[in-house]
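As stored in coords_14.txt (compact mmCIF, C-alpha atoms):
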```txt
# COMPACT_ATOMS: atom_id res chain seq x y z
CA MET I 1292 151.88 205.72 53.14
CA THR I 1293 153.40 202.73 51.35
CA THR I 1294 152.63 199.11 52.13
CA PRO I 1295 155.67 196.97 53.04
CA HIS I 1296 156.34 194.04 50.79
CA SER I 1297 158.15 190.74 51.19
CA PRO I 1298 159.66 188.70 48.34
CA ALA I 1299 158.52 185.14 47.60
CA ASP I 1300 160.60 182.82 45.40
CA THR I 1301 158.90 180.99 42.55
CA ALA I 1302 160.11 178.81 39.68
CA ASP I 1303 163.30 179.70 37.81
CA GLY I 1304 164.37 182.18 40.46
CA PHE I 1305 161.47 184.49 39.69
CA VAL I 1306 160.70 186.59 42.77
CA LEU I 1307 157.11 187.56 43.47
CA ASP I 1308 156.80 190.76 45.48
CA VAL I 1309 153.82 190.21 47.79
CA PRO I 1310 152.56 192.66 50.43
CA THR I 1311 153.46 191.90 54.02
CA PRO I 1312 150.31 190.63 55.78
CA LYS I 1313 148.71 193.11 58.13
CA VAL I 1314 147.08 190.44 60.30
CA THR I 1315 147.85 186.82 61.06
CA GLU I 1316 145.78 184.15 62.75
CA ARG I 1317 145.66 183.75 66.49
CA VAL I 1318 143.55 181.06 68.12
CA ILE I 1319 141.09 181.89 70.91
CA ALA I 1320 139.39 179.28 73.06
CA GLY I 1321 136.37 181.13 74.51
CA LEU I 1322 134.36 179.68 77.39
CA PRO I 1323 132.91 176.14 77.52
CA GLY I 1324 129.63 176.19 75.63
CA LEU I 1325 127.56 173.63 77.57
CA PRO I 1326 127.73 175.38 80.97
CA MET I 1327 126.88 178.68 79.30
CA LEU I 1328 123.97 176.99 77.51
CA GLY I 1329 122.70 175.76 80.86
CA LEU I 1330 123.02 179.24 82.33
CA THR I 1331 121.14 180.68 79.36
CA VAL I 1332 118.27 178.24 79.82
CA LEU I 1333 118.10 179.04 83.56
CA CYS I 1334 117.96 182.77 82.83
CA LEU I 1335 115.15 182.34 80.33
CA LEU I 1336 113.14 180.00 82.56
CA GLY I 1337 113.81 182.11 85.64
CA GLY I 1338 112.72 185.28 83.88
CA ALA I 1339 109.51 183.65 82.71
CA ALA I 1340 108.85 182.34 86.23
CA LEU I 1341 109.38 185.82 87.75
CA ILE I 1342 106.90 187.32 85.32
CA VAL I 1343 104.28 184.71 86.24
CA VAL I 1344 104.87 185.18 89.98
CA GLY I 1345 104.78 188.95 89.59
CA GLY I 1346 101.44 188.75 87.84
CA ASN I 1347 100.04 186.63 90.62
CA GLU I 1348 101.36 189.03 93.23
CA ARG I 1349 99.74 191.98 91.49
CA ALA I 1350 96.46 190.12 91.32
CA SER I 1351 96.64 189.49 95.09
CA GLY I 1352 97.28 193.18 95.82
CA ALA I 1353 101.03 193.14 96.57
CA THR I 1354 101.87 195.97 94.19
CA GLY I 1355 105.45 196.66 95.31
CA ALA I 1356 106.66 193.07 95.11
CA ALA I 1357 104.78 192.52 91.86
CA THR I 1358 106.45 195.53 90.25
CA ALA I 1359 109.89 194.33 91.29
CA LEU I 1360 109.24 190.86 89.92
CA LEU I 1361 107.75 192.16 86.66
CA VAL I 1362 110.85 194.31 86.13
CA ALA I 1363 113.36 191.60 87.07
CA GLY I 1364 111.71 188.95 84.90
CA PRO I 1365 112.14 190.71 81.53
CA LEU I 1366 115.65 191.79 82.49
CA LEU I 1367 116.57 188.18 83.24
CA ILE I 1368 115.10 187.08 79.91
CA LEU I 1369 117.11 189.76 78.11
CA LEU I 1370 120.22 188.51 79.90
CA GLY I 1371 119.43 184.97 78.75
CA LEU I 1372 118.96 186.13 75.15
CA LEU I 1373 122.25 188.02 75.34
CA LEU I 1374 124.02 184.94 76.66
CA ALA I 1375 122.42 182.84 73.91
CA ARG I 1376 123.83 185.18 71.27
CA GLY I 1377 127.35 184.36 72.46
CA LEU I 1378 126.92 180.61 71.89
CA THR I 1379 128.94 179.53 68.85
CA ALA I 1380 128.84 176.07 67.29
CA VAL I 1381 131.87 175.00 65.22
CA SER I 1382 131.69 171.93 62.98
CA PRO I 1383 134.72 169.71 62.27
CA GLY I 1384 136.67 171.06 59.31
CA ARG I 1385 135.48 174.60 59.87
CA ALA I 1386 136.58 177.61 61.91
CA ARG I 1387 135.06 180.89 63.08
CA VAL I 1388 136.78 184.23 62.62
CA VAL I 1389 135.78 186.53 65.49
CA GLN I 1390 135.57 190.33 65.11
CA LEU I 1391 134.65 192.97 67.67
CA LEU I 1392 133.68 196.38 66.35
CA GLY I 1393 135.60 195.72 63.14
CA ARG I 1394 138.78 194.50 64.83
CA TYR I 1395 140.06 190.96 64.53
CA ARG I 1396 139.97 189.22 67.91
CA GLY I 1397 140.95 185.66 66.98
CA THR I 1398 139.83 182.40 65.41
CA ILE I 1399 137.91 179.55 67.01
CA ARG I 1400 139.24 176.25 65.62
CA ALA I 1401 138.06 173.79 68.30
CA ASP I 1402 134.92 172.01 67.17
CA GLY I 1403 131.89 171.88 69.42
CA LEU I 1404 129.97 174.54 71.34
CA THR I 1405 131.88 177.58 72.58
CA TRP I 1406 130.79 180.83 74.17
CA VAL I 1407 132.39 184.14 73.20
CA ASN I 1408 131.58 187.79 73.64
CA PRO I 1409 128.00 188.17 72.38
CA PHE I 1410 128.79 191.55 70.80
CA THR I 1411 131.29 190.01 68.40
CA SER I 1412 130.58 188.88 64.85
CA ARG I 1413 131.67 185.38 63.88
CA ARG I 1414 132.34 184.48 60.25
CA GLY I 1415 132.56 180.82 59.30
CA ILE I 1416 135.32 179.55 57.01
CA SER I 1417 136.10 176.06 55.79
CA THR I 1418 139.49 174.55 56.64
CA ARG I 1419 138.88 171.34 54.70
CA ILE I 1420 141.15 170.17 51.89
CA ARG I 1421 139.92 171.36 48.50
CA ASN I 1422 140.60 170.67 44.84
CA HIS I 1423 140.75 173.22 42.07
CA GLU I 1424 141.12 172.18 38.45
CA THR I 1425 141.95 174.84 35.90
CA GLU I 1426 140.26 174.96 32.55
CA THR I 1427 142.24 173.82 29.54
CA THR I 1428 144.30 176.85 28.60
CA LYS I 1429 145.86 177.55 25.21
CA VAL I 1430 149.30 179.07 25.72
CA ASN I 1431 152.65 179.22 23.95
CA ASP I 1432 155.61 177.21 25.24
CA ALA I 1433 159.17 178.53 25.39
CA ASP I 1434 159.59 177.84 21.64
CA GLY I 1435 156.43 179.73 20.76
CA ASN I 1436 154.45 176.60 19.87
CA PRO I 1437 150.75 176.73 20.89
CA ILE I 1438 149.91 174.06 23.45
CA GLU I 1439 146.93 173.18 25.62
CA MET I 1440 147.60 172.81 29.33
CA ALA I 1441 145.52 172.23 32.47
CA ALA I 1442 146.37 171.44 36.08
CA VAL I 1443 144.75 170.50 39.36
CA VAL I 1444 145.87 171.88 42.72
CA VAL I 1445 145.06 170.49 46.17
CA TRP I 1446 144.97 173.24 48.77
CA GLN I 1447 143.79 174.12 52.25
CA VAL I 1448 143.25 177.30 54.26
CA GLU I 1449 146.11 177.48 56.75
CA ASP I 1450 145.73 181.03 58.10
CA THR I 1451 142.09 182.04 58.42
CA ALA I 1452 142.89 185.68 59.19
CA LYS I 1453 144.86 186.11 55.96
CA ALA I 1454 142.17 184.32 53.97
CA ILE I 1455 139.46 186.66 55.24
CA PHE I 1456 141.24 190.00 55.54
CA GLU I 1457 144.12 189.98 53.03
CA VAL I 1458 142.12 189.20 49.87
CA ASP I 1459 138.55 189.85 48.74
CA ASP I 1460 137.69 186.24 47.86
CA PHE I 1461 140.35 183.66 48.67
CA THR I 1462 138.68 180.95 46.54
CA GLU I 1463 138.71 183.12 43.45
CA PHE I 1464 142.21 184.31 44.32
CA VAL I 1465 143.50 180.72 44.35
CA ALA I 1466 141.82 180.00 41.00
CA ILE I 1467 143.32 183.05 39.27
CA GLN I 1468 146.81 182.60 40.72
CA THR I 1469 146.82 178.91 39.77
CA GLU I 1470 146.00 179.76 36.17
CA THR I 1471 148.70 182.44 36.19
CA ALA I 1472 151.29 179.96 37.47
CA VAL I 1473 150.29 177.40 34.84
CA ARG I 1474 150.76 179.98 32.08
CA HIS I 1475 154.12 181.07 33.46
CA ILE I 1476 155.42 177.50 33.70
CA ALA I 1477 154.22 176.76 30.17
CA ASN I 1478 156.01 179.85 28.84
CA SER I 1479 159.23 178.94 30.63
CA TYR I 1480 159.90 175.50 29.10
CA PRO I 1481 159.60 173.91 25.67
CA TYR I 1482 157.13 171.11 25.05
CA ASP I 1483 159.89 168.79 23.82
CA ALA I 1484 163.56 168.79 24.84
CA HIS I 1485 166.04 169.77 22.10
CA GLY I 1486 169.17 168.42 23.74
CA GLU I 1487 170.47 166.00 26.31
CA GLY I 1488 169.66 167.07 29.86
CA GLU I 1489 167.34 169.91 28.85
CA MET I 1490 164.10 170.20 30.78
CA SER I 1491 160.82 170.06 28.89
CA LEU I 1492 157.15 169.95 29.77
CA ARG I 1493 156.64 166.48 28.34
CA ASP I 1494 159.83 164.73 29.46
CA SER I 1495 160.43 166.35 32.88
CA ALA I 1496 157.03 165.85 34.49
CA ASP I 1497 158.28 165.47 38.08
CA GLU I 1498 160.55 168.53 37.99
CA ILE I 1499 157.91 170.65 36.28
CA THR I 1500 155.30 169.57 38.83
CA ARG I 1501 157.57 170.56 41.72
CA LYS I 1502 158.21 173.95 40.17
CA LEU I 1503 154.49 174.44 39.53
CA SER I 1504 153.66 173.60 43.16
CA ALA I 1505 156.34 175.98 44.43
CA GLU I 1506 155.11 178.83 42.25
CA ILE I 1507 151.46 178.36 43.16
CA ALA I 1508 152.40 178.19 46.86
CA ALA I 1509 154.34 181.45 46.58
CA ARG I 1510 151.51 183.20 44.77
CA VAL I 1511 148.76 182.19 47.24
CA SER I 1512 150.78 182.51 50.44
CA SER I 1513 149.45 186.03 51.02
CA ALA I 1514 145.92 184.55 51.21
CA GLY I 1515 146.88 182.13 53.99
CA VAL I 1516 146.56 179.11 51.71
CA ARG I 1517 148.81 176.03 51.82
CA VAL I 1518 149.34 174.08 48.60
CA ILE I 1519 149.41 170.34 49.29
CA GLU I 1520 149.99 169.09 45.75
CA SER I 1521 149.59 170.11 42.14
CA ARG I 1522 149.55 168.02 38.99
CA ILE I 1523 149.36 168.69 35.27
CA THR I 1524 146.21 166.98 34.03
CA ARG I 1525 146.41 167.86 30.32
CA LEU I 1526 149.38 168.64 28.11
CA ALA I 1527 149.11 168.54 24.32
CA TYR I 1528 149.82 170.58 21.23
CA ALA I 1529 147.01 172.80 20.06
CA PRO I 1530 144.82 171.18 17.34
CA GLU I 1531 146.05 173.53 14.60
CA VAL I 1532 149.65 172.32 14.95
CA ALA I 1533 149.14 168.88 16.45
CA GLN I 1534 149.42 167.00 13.12
CA VAL I 1535 152.59 168.83 12.09
CA MET I 1536 154.18 168.29 15.49
CA LEU I 1537 153.24 164.62 15.37
CA GLN I 1538 155.01 164.28 12.05
CA ARG I 1539 158.06 166.00 13.53
CA GLN I 1540 158.04 163.63 16.51
CA GLN I 1541 157.71 160.65 14.16
CA ALA I 1542 160.59 161.92 12.06
CA GLY I 1543 162.72 162.34 15.16
CA ALA I 1544 161.86 158.82 16.27
CA VAL I 1545 162.79 157.43 12.83
CA VAL I 1546 166.12 159.29 12.86
CA ALA I 1547 166.90 158.03 16.37
CA ALA I 1548 166.04 154.46 15.35
CA ARG I 1549 168.21 154.68 12.21
CA ARG I 1550 171.09 156.05 14.25
CA LEU I 1551 170.84 153.11 16.61
CA ILE I 1552 170.66 150.65 13.69
CA VAL I 1553 173.74 152.18 12.03
CA GLU I 1554 175.73 152.08 15.26
CA GLY I 1555 174.84 148.44 15.72
CA ALA I 1556 175.61 147.58 12.10
CA VAL I 1557 179.05 149.23 12.26
CA GLY I 1558 179.85 147.24 15.37
CA MET I 1559 178.80 143.99 13.70
CA VAL I 1560 180.93 144.75 10.62
CA GLU I 1561 183.96 145.50 12.79
CA LEU I 1562 183.41 142.25 14.68
CA ALA I 1563 183.09 140.27 11.43
CA LEU I 1564 186.32 141.68 10.01
CA GLU I 1565 188.19 141.03 13.27
CA ARG I 1566 186.97 137.41 13.44
CA LEU I 1567 187.92 136.75 9.79
CA ALA I 1568 191.38 138.16 10.41
CA GLU I 1569 191.87 136.23 13.67
CA ARG I 1570 190.88 132.84 12.20
CA ASP I 1571 192.63 133.47 8.87
CA VAL I 1572 189.55 132.43 6.93
CA VAL I 1573 190.22 134.64 3.93
CA GLU I 1574 192.69 137.36 3.08
CA LEU I 1575 191.07 140.54 1.80
CA ASP I 1576 192.71 143.58 0.33
CA GLU I 1577 191.42 147.05 1.02
CA GLU I 1578 189.14 147.09 -2.01
CA ARG I 1579 187.48 143.80 -1.05
CA LYS I 1580 187.15 144.93 2.54
CA ALA I 1581 185.35 148.03 1.33
CA ALA I 1582 183.02 145.92 -0.81
CA MET I 1583 182.32 143.58 2.07
CA VAL I 1584 181.63 146.49 4.43
CA SER I 1585 179.27 148.01 1.88
CA ASN I 1586 177.37 144.76 1.41
CA LEU I 1587 177.09 144.10 5.15
CA LEU I 1588 175.85 147.62 5.84
CA VAL I 1589 173.24 147.32 3.10
CA VAL I 1590 172.02 144.02 4.56
CA LEU I 1591 172.03 145.18 8.18
CA CYS I 1592 170.67 148.70 7.65
CA GLY I 1593 168.09 148.00 4.99
CA ASP I 1594 164.44 148.07 5.97
CA ARG I 1595 163.58 145.32 3.45
CA GLY I 1596 164.84 141.81 2.88
CA THR I 1597 167.87 141.55 0.50
CA GLN I 1598 168.31 139.19 -2.43
CA PRO I 1599 171.63 137.31 -2.25
CA VAL I 1600 173.82 137.15 -5.39
CA VAL I 1601 175.98 133.99 -5.73
CA ASN I 1602 179.34 134.55 -7.35
CA THR I 1603 180.32 131.39 -9.32
CA GLY I 1604 183.55 132.83 -10.63
CA SER I 1605 186.70 133.95 -8.88
CA LEU I 1606 186.87 136.48 -6.09
CA TYR I 1607 187.47 139.30 -8.54
CA GLN I 1608 184.87 138.36 -11.15
```

Before anything else, please render the file you have as structure tokens.
Amino acid sequence: MTTPHSPADTADGFVLDVPTPKVTERVIAGLPGLPMLGLTVLCLLGGAALIVVGGNERASGATGAATALLVAGPLLILLGLLLARGLTAVSPGRARVVQLLGRYRGTIRADGLTWVNPFTSRRGISTRIRNHETETTKVNDADGNPIEMAAVVVWQVEDTAKAIFEVDDFTEFVAIQTETAVRHIANSYPYDAHGEGEMSLRDSADEITRKLSAEIAARVSSAGVRVIESRITRLAYAPEVAQVMLQRQQAGAVVAARRLIVEGAVGMVELALERLAERDVVELDEERKAAMVSNLLVVLCGDRGTQPVVNTGSLYQ
């Protein structure tokens, strides 16, 4: 017999084939706990009183009535103990998963004292918001460069039945699936973008975070867990390549700065030539224009101060 599966979308269109859950949560209310507690106390006290009265009756010679009382007293105490076993206290932020003879009967989510079938077993589970931070993981990015990456995920149990019955340990399941999603995201994108508009781990933090949250949510949905938020807490090149990658980043920054300087210098030279021509300050032939452009570019693009040379002769000497 095969288990039916249902697809779950993750980042980059990757589809995770997860089994269809066999059981989902249903909430049960039970009976009010305080009245049942009062009834339990009455049964216990009444049973004890019957035993005392029965003993007195036997001592006075009333054997028949004493026997009846001595039998009814213990039975009433047993009834009180049975009723007491059905009392279930639920704290805020917790729930109780109720089973009867191995079958799931429902979940008690209302906090306070509730009474349910005393023959059921009740397993407590936390529904509070939790944090899980992955360890720093060394993984290769899309370019094959080793990087170190860690993330934190904020999650909460949404379906208690799935959390208990669909996986062995939902806490461990969340931890492993979170690490798997972090590795998959790291392998899917480069650390640095190579072109305009390309997504990267370092430059597209918001988009990468949304994709990471979506993938983690898809992976842990079968455990009845809801992902509230996830964030990348560490992202860096591995130590063995960090220095080389830093030099590459510095070189890229220098090239980008030089490109900006050259573009600005060319614009200033064009503006200077246009203003000289408009105001008829001096008439330059093509050779002198080329010399002037060369000198201006050297002055504007140089990273050191220039030494001016004063020409005391004619324009061509």

Using only C-alpha atoms for the distances, tell me which of I:Glu1426, I:Glu1561, I:Asp1432, I:Glu1449 is nearest to I:Arg1385.
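Going through I:Glu1426, I:Glu1561, I:Asp1432, I:Glu1449 one by one, the smallest distance to I:Arg1385 is for I:Glu1449.
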
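The smallest atom-to-atom distance between I:Arg1522 and any of I:Asp1450, I:Glu1577, I:Asn1422, I:Ser1585, using only C-alpha atoms, is found for I:Asn1422.
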
Contacts between stretch 1478-1500 of chain I and stretch 1347-1444 of chain I, please, where a residue of stretch 1347-1444 of chain I counts if it comes within 6 Å (with only C-alpha atoms); show its shortest atom pair and distance in Å to one decimal, rows by chain and ascending number, as a Markdown table.
```
| residue | atom | partner | partner_atom | distance |
| --- | --- | --- | --- | --- |
| I:Asn1431 | CA | I:Asn1478 | CA | 6.0 |
| I:Asp1432 | CA | I:Asn1478 | CA | 4.5 |
| I:Ala1433 | CA | I:Pro1481 | CA | 4.6 |
| I:Asp1434 | CA | I:Pro1481 | CA | 5.6 |
```

Within 9 Å of stretch 1400-1414 of chain I, counting only C-alpha atoms, which residues show up once you throw out same-chain ones fewer than 2 positions away? Write them as a PyMOL selection string, please.
chain I and resi 1318-1325+1327-1328+1373-1393+1396+1398+1416+1455

Please dump the current selection as a short mmCIF file (atom, residue, chain, number, x, y, z; two decimals), in the frame of the given file; keep C-alpha atoms.
```cif
data_model
loop_
_atom_site.label_atom_id
_atom_site.label_comp_id
_atom_site.auth_asym_id
_atom_site.auth_seq_id
_atom_site.Cartn_x
_atom_site.Cartn_y
_atom_site.Cartn_z
CA VAL I 1318 143.55 181.06 68.12
CA ILE I 1319 141.09 181.89 70.91
CA ALA I 1320 139.39 179.28 73.06
CA GLY I 1321 136.37 181.13 74.51
CA LEU I 1322 134.36 179.68 77.39
CA PRO I 1323 132.91 176.14 77.52
CA GLY I 1324 129.63 176.19 75.63
CA LEU I 1325 127.56 173.63 77.57
CA MET I 1327 126.88 178.68 79.30
CA LEU I 1328 123.97 176.99 77.51
CA LEU I 1373 122.25 188.02 75.34
CA LEU I 1374 124.02 184.94 76.66
CA ALA I 1375 122.42 182.84 73.91
CA ARG I 1376 123.83 185.18 71.27
CA GLY I 1377 127.35 184.36 72.46
CA LEU I 1378 126.92 180.61 71.89
CA THR I 1379 128.94 179.53 68.85
CA ALA I 1380 128.84 176.07 67.29
CA VAL I 1381 131.87 175.00 65.22
CA SER I 1382 131.69 171.93 62.98
CA PRO I 1383 134.72 169.71 62.27
CA GLY I 1384 136.67 171.06 59.31
CA ARG I 1385 135.48 174.60 59.87
CA ALA I 1386 136.58 177.61 61.91
CA ARG I 1387 135.06 180.89 63.08
CA VAL I 1388 136.78 184.23 62.62
CA VAL I 1389 135.78 186.53 65.49
CA GLN I 1390 135.57 190.33 65.11
CA LEU I 1391 134.65 192.97 67.67
CA LEU I 1392 133.68 196.38 66.35
CA GLY I 1393 135.60 195.72 63.14
CA ARG I 1396 139.97 189.22 67.91
CA THR I 1398 139.83 182.40 65.41
CA ILE I 1416 135.32 179.55 57.01
CA ILE I 1455 139.46 186.66 55.24
#
```

Selected residue of minimal separation from I:Val1557 among I:Val1584, I:His1475, I:Glu1463, I:Pro1365, counting only C-alpha atoms:
I:Val1584

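Proximity of I:Leu1369, I:Ile1399, I:Val1560, I:Ala1527 to I:Thr1428, computed with all atoms listed in the file, is greatest for I:Ala1527.
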
Could you check which of I:Gly1337, I:Leu1564, I:Val1518, I:Glu1439 is closest to I:Ala1581, using all atoms listed in the file?
I:Leu1564

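With distances taken over all atoms listed in the file, I:Gly1515 is the one residue among I:Gly1338, I:Gly1555, I:Gly1397, I:Gly1515 lying closest to I:Phe1461.
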
Quick one: residues within 7 Å of I:Gly1345, only C-alpha atoms counted, chain neighbours fewer than 2 positions away excluded, as a ChimeraX atom specification?
/I:1341-1343,1347-1349,1357-1358,1360-1361

Selection: 10 Å around I:His1423, only C-alpha atoms, excl. self and same-chain fewer than 4 positions, as a PyMOL selection string:
chain I and resi 1442-1446+1462+1465-1466+1469+1521

If you take every atom of stretch 1474-1491 of chain I that the file lists and fit an axis-aligned box around them with 6 Å extra on each side, what centre and edge lengths come out in Å to one decimal, as AutoDock Vina command-line options?
```
--center_x 160.6 --center_y 173.5 --center_z 27.9 --size_x 31.7 --size_y 27.1 --size_z 23.6
```

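Those DNA, RNA and protein residues that approach the point (143.5, 183.7, 58.6) to within 6 Å, considering all atoms listed in the file, are Thr1315, Glu1316, Asp1450, Thr1451, Ala1452, Lys1453, Ala1454 and Gly1515 of chain I.
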
Selection export as an mmCIF file, in the frame of the given file, atoms kept: C-alpha atoms:
```cif
data_model
loop_
_atom_site.group_PDB
_atom_site.id
_atom_site.type_symbol
_atom_site.label_atom_id
_atom_site.label_comp_id
_atom_site.auth_asym_id
_atom_site.auth_seq_id
_atom_site.Cartn_x
_atom_site.Cartn_y
_atom_site.Cartn_z
ATOM 1 C CA THR I 1315 147.850 186.820 61.060
ATOM 2 C CA GLU I 1316 145.780 184.150 62.750
ATOM 3 C CA ASP I 1450 145.730 181.030 58.100
ATOM 4 C CA THR I 1451 142.090 182.040 58.420
ATOM 5 C CA ALA I 1452 142.890 185.680 59.190
ATOM 6 C CA LYS I 1453 144.860 186.110 55.960
ATOM 7 C CA ALA I 1454 142.170 184.320 53.970
ATOM 8 C CA GLY I 1515 146.880 182.130 53.990
#
```

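Taking atom CA of I:Glu1506 as the reference point, atom CA of I:Gly1415 is found at 28.3 Å.
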